[in-house]
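Peer 1: Quick one: the structure is below, questions incoming.
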Amino acid sequence: MNREGMTRRRLLGAALAVGAAVPMGVARPAWAASNAAGPVQLTLPVPTGPYPVGTVPLHLVDTSRPDPVAGPGHHRELMAAVWYPARAVERYPLARWTSPAVVRALLTSAGFPADVAVAPLTAGHEGAPVLRTGRRLPVVVFSHGAHDHRADTTIVVQELAGHGYVVVTVDHTYDAFSVFPDGRLTVPRDRPALTPRDFATDIRFVLDRVEDLAAGRNPDAAHRPLPGGLLGAPDPQRIGMFGWSKGASATAFVMSEDRRVRAGLSFDGPMQPTVTTDLDRPFMLMTAEFPRATQPSVAEFWSHLRGWRLNVQAEGAVHSSYCDVQFLIPQLAPAIGMSAADLQGWIGTLDPARAVRIQQAYPLASFDLHLRDRGQRHLLDGPCPAFPEVTFIS
């Protein structure tokens with residue numbers, strides 16, 4: 001069946017099966033820009049946490065693995081970012097959601113005009129010193145979906161950082177849109193075809209680098225200066241992980257192989273290939289287009305969860321509804337003449353403002369419970385009047 005003949009769901013499933021999903025949803029026809037006033041300045045919601053947020057990029061090189069594209073003498077390179085609670089942020093500029101080169105590549109790959117939008121500013125202050133209150137900070141690591149990028153859940157990431165977490169986001173090179181310090185732009189490739197297990201190998205390497213930070217060692221390949229207080233700040237005994245789509249499947253594989261991750265969270269992961277290892281640590285599913293009822297691989301994974309487990313689903317959510325897309329695409333829609341039906345194809349019927357509140361509340365509640373033994377437990381005990389869209393699936 002050709003792409004035009006596929007439904008959105010079948011196209012998405014086929015893309016995931018070969019490890020090649022299009023960023024920010026599913027492939028669409030090219031759009032004609034109609035924004036005569038100039039590019040749309042996109043925005044992100046403000047996090048609700050009590051702390052300002054800081055961020056810093058890291059260039060990581062895994063000398064134990066050859067680069068699958070560059071040839072002999074080159075090793076696997078990853079770009080990552082560390083987010084954290086900050087102090088004295090006034091002198092530090094706000095970080096962009098991602099670089100202009102990545103924004104242009106993302107827009108073009110999704111069929112939008114390359115210059116139709118300007119990336120939003122985040123709540124993260126570049127290089128601001130870390131807020132240290134005595135105890136080390138719990139850590140959460142994020143793995144993105146196929147053909148995606150590490151900024152795709154910034155709403156969730158900066159929410160966690162504003163509540164006292166160190167959050168590490170990672171670009172899976174050759175399955176990501178990424179820019180390295182020397183200006184190289186890498187975009188997703190179908191060869192090599194990276195699998196969730198490849199993502200998991202990347203993440204286990206990143207966990208080693210988190211341990212470097214905890215031990216006071218700078219893991220950046222060029223040893224670029226780090227924000228004050230970051231060395232020694234992460235708590236390697238309190239690490240969680242979440243991922244979207246392929247990154248959610250990678251989260252399951254990491255936890256099946258590495259006990260350093262104490263709690264996991266899936267944003268609509270297909271859990272393919274099927275995870276058949278029993279997990280005795282907490283895991284939460286936030287499903288949408290890959291529910292257990294219709295996805296045998298997700299149901300099989302659920303059956304192997306031997307510890308605390310929870311499955312929630314937001315009514316009207318689609319595959320990317322737990323990501324920044326849900327908030328950004330509606331801002332872009334008027335400028336490109338997107339119809340209401342096409343917009344619904346991108347974001348479903350879940351209201352973007354409500355989606356933001358769900359993104360901010362439920363991941364935080366889960367990681368607070370399992371990494372801090374505190375937090376909004378009532379959100380995880382059953383349906384909550386403040387979130388009528390969220391269904392608990394037994």
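Chain labels A, B, ... are given in the sequence in which chains occur in the structure tokens; within each chain residues are numbered consecutively from 1, and ligands are likewise numbered from 1 in the order shown.
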Under the rule of at most 12 Å, produce a per-residue listing of segment 213-305 of chain A near segment 73-95 of chain A: chain, number, name, the closest pair of atoms, and the distance in Å, as a Markdown table, using only C-alpha atoms.

Peer 2:
| residue | atom | partner | partner_atom | distance |
| --- | --- | --- | --- | --- |
| A:Leu213 | CA | A:Val82 | CA | 10.6 |
| A:Pro219 | CA | A:Ala80 | CA | 10.9 |
| A:Asp220 | CA | A:Ala80 | CA | 9.6 |
| A:Ala221 | CA | A:Glu77 | CA | 9.2 |
| A:Leu226 | CA | A:Val82 | CA | 10.1 |
| A:Pro227 | CA | A:Ala86 | CA | 9.5 |
| A:Gly228 | CA | A:Ala86 | CA | 9.7 |
| A:Gly229 | CA | A:Ala86 | CA | 9.4 |
| A:Leu230 | CA | A:Tyr84 | CA | 8.6 |
| A:Leu231 | CA | A:Val82 | CA | 11.7 |
| A:Ala233 | CA | A:Tyr84 | CA | 9.4 |
| A:Pro234 | CA | A:Tyr84 | CA | 9.5 |

Peer 1: Just C-alpha atoms for this one: save the residues we selected as a compact mmCIF listing (two decimals), in the first residue's frame.

Peer 2:
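Done, and the output landed in selection02.txt:
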# COMPACT_ATOMS: atom_id res chain seq x y z
CA LEU A 213 29.53 13.93 36.98
CA PRO A 219 32.62 14.01 30.78
CA ASP A 220 32.56 16.57 27.98
CA ALA A 221 34.84 15.45 25.12
CA LEU A 226 30.61 23.15 33.36
CA PRO A 227 28.20 25.24 35.44
CA GLY A 228 29.25 25.87 39.00
CA GLY A 229 28.05 23.14 41.35
CA LEU A 230 27.21 20.57 38.65
CA LEU A 231 30.14 18.30 39.51
CA ALA A 233 25.38 17.18 42.10
CA PRO A 234 23.74 14.06 40.54

Peer 1: Taking 3 positions as the minimum chain separation for residues in the same chain, which residues sit within 9 Å of Ile155 of chain A when counting only C-alpha atoms? Answer as a list in words.

Peer 2: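 Final neighbour list, sorted by chain and number: Leu44, Pro45, Val46, Pro47, Thr122, Ala151, Asp152, Gln158, Glu159, Leu160, Cys323, Asp324, Val356, Gln359 and Gln360 of chain A.
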
Peer 1: Print the selection's residues with C-alpha atoms to a file, as a PDB file, in the first residue's frame.

Peer 2:
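Output below, filename part.pdb:
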ATOM      1  CA  LEU A  44       6.681  27.139  25.428  1.00  0.00           C
ATOM      2  CA  PRO A  45       4.664  27.157  28.658  1.00  0.00           C
ATOM      3  CA  VAL A  46       6.353  28.262  31.852  1.00  0.00           C
ATOM      4  CA  PRO A  47       7.238  25.427  34.263  1.00  0.00           C
ATOM      5  CA  THR A 122      13.057  27.575  27.043  1.00  0.00           C
ATOM      6  CA  ALA A 151      14.372  18.704  22.818  1.00  0.00           C
ATOM      7  CA  ASP A 152      11.053  17.082  21.969  1.00  0.00           C
ATOM      8  CA  GLN A 158      12.144  21.781  32.422  1.00  0.00           C
ATOM      9  CA  GLU A 159       9.233  20.921  34.742  1.00  0.00           C
ATOM     10  CA  LEU A 160      11.314  18.188  36.370  1.00  0.00           C
ATOM     11  CA  CYS A 323       5.489  15.809  23.668  1.00  0.00           C
ATOM     12  CA  ASP A 324       6.055  19.496  22.863  1.00  0.00           C
ATOM     13  CA  VAL A 356       0.583  20.602  29.062  1.00  0.00           C
ATOM     14  CA  GLN A 359       2.736  16.474  30.897  1.00  0.00           C
ATOM     15  CA  GLN A 360       3.759  18.568  33.876  1.00  0.00           C
TER      16      GLN A 360
END

Peer 1: Nearest residue to Val139 of chain A out of A:Leu371, A:Ala248, A:Asp208, A:His223, using only C-alpha atoms?

Peer 2: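 Checking each candidate against Val139 of chain A, we get A:Leu371 as the closest.
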
Peer 1: Quick one: distance from atom CA of Ser249 of chain A to atom CA of Thr63 of chain A in Å, one decimal?

Peer 2: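 It comes out at 25.1 Å.
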
Peer 1: Atom CA of Thr169 of chain A and atom CA of Phe242 of chain A are how many Å apart?

Peer 2: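 Distance reported for this atom pair: 9.9 Å.
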
Peer 1: Counting only C-alpha atoms, which residue out of A:Thr55, A:Thr195, A:Thr251, A:Asn311 sits closest to Gly127 of chain A?

Peer 2: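 Counting only C-alpha atoms, the residue closest to Gly127 of chain A is A:Thr55.
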
Peer 1: Segment 184-239 of chain A: which residues are strand (DSSP E) by DSSP, as a list in words?

Peer 2: Leu185, Thr186, Pro234, Asp235, Pro236, Gln237, Arg238 and Ile239 of chain A

Peer 1: Neighbouring residues of Val118 of chain A were defined as those with any atom within 8 Å, considering only C-alpha atoms; residues of the same chain fewer than 2 positions away were excluded. Please report them as a list in words.

Peer 2: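 Non-adjacent residues within range: Pro39, Val40, Gln41, Leu42, Pro100, Val103, Asp115, Val116 and Pro120 of chain A.
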
Peer 1: Hey, which of A:Gly316, A:Gly345, A:Pro291, A:Pro296 ends up closest to Val390 of chain A? Count only C-alpha atoms.

Peer 2: A:Gly316

Peer 1: At a cut-off of 7 Å, using only C-alpha atoms, what residues contact Asp175 of chain A? Leave out same-chain residues fewer than 5 positions from it and give the result as a list in words.

Peer 2: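 Counting only the stated atoms, we get Ala146, His147, Asp148, Val187, Pro188, Arg189 and Leu194 of chain A.
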
Peer 1: Give the alpha helix (DSSP H) residues of segment 123-222 of chain A, as DSSP finds them on the backbone, and put them as a list in words.

Peer 2: Thr154, Ile155, Val156, Val157, Gln158, Glu159, Leu160, Ala161, Gly162, Pro196, Arg197, Asp198, Phe199, Ala200, Thr201, Asp202, Ile203, Arg204, Phe205, Val206, Leu207, Asp208, Arg209, Val210, Glu211, Asp212, Leu213 and Ala214 of chain A

Peer 1: When distances are computed from only C-alpha atoms, which of A:Ile347, A:Ile203, A:Met284, A:Val53 shows the smallest separation from Gly247 of chain A?

Peer 2: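 That would be A:Ile203, the residue with the smallest distance to Gly247 of chain A.
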
Peer 1: What gap, in Å, lies between atom CA of Ala215 of chain A and atom CA of Pro52 of chain A?

Peer 2: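 Between atom CA of Ala215 of chain A and atom CA of Pro52 of chain A the gap works out to 24.5 Å.
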
Peer 1: Go through A:Ala263, A:Ala128, A:Ala114, A:Val318 one by one, measure the shortest atom-to-atom distance of each to Glu289 of chain A using only C-alpha atoms, and give the residue with the smallest value.

Peer 2: A:Val318
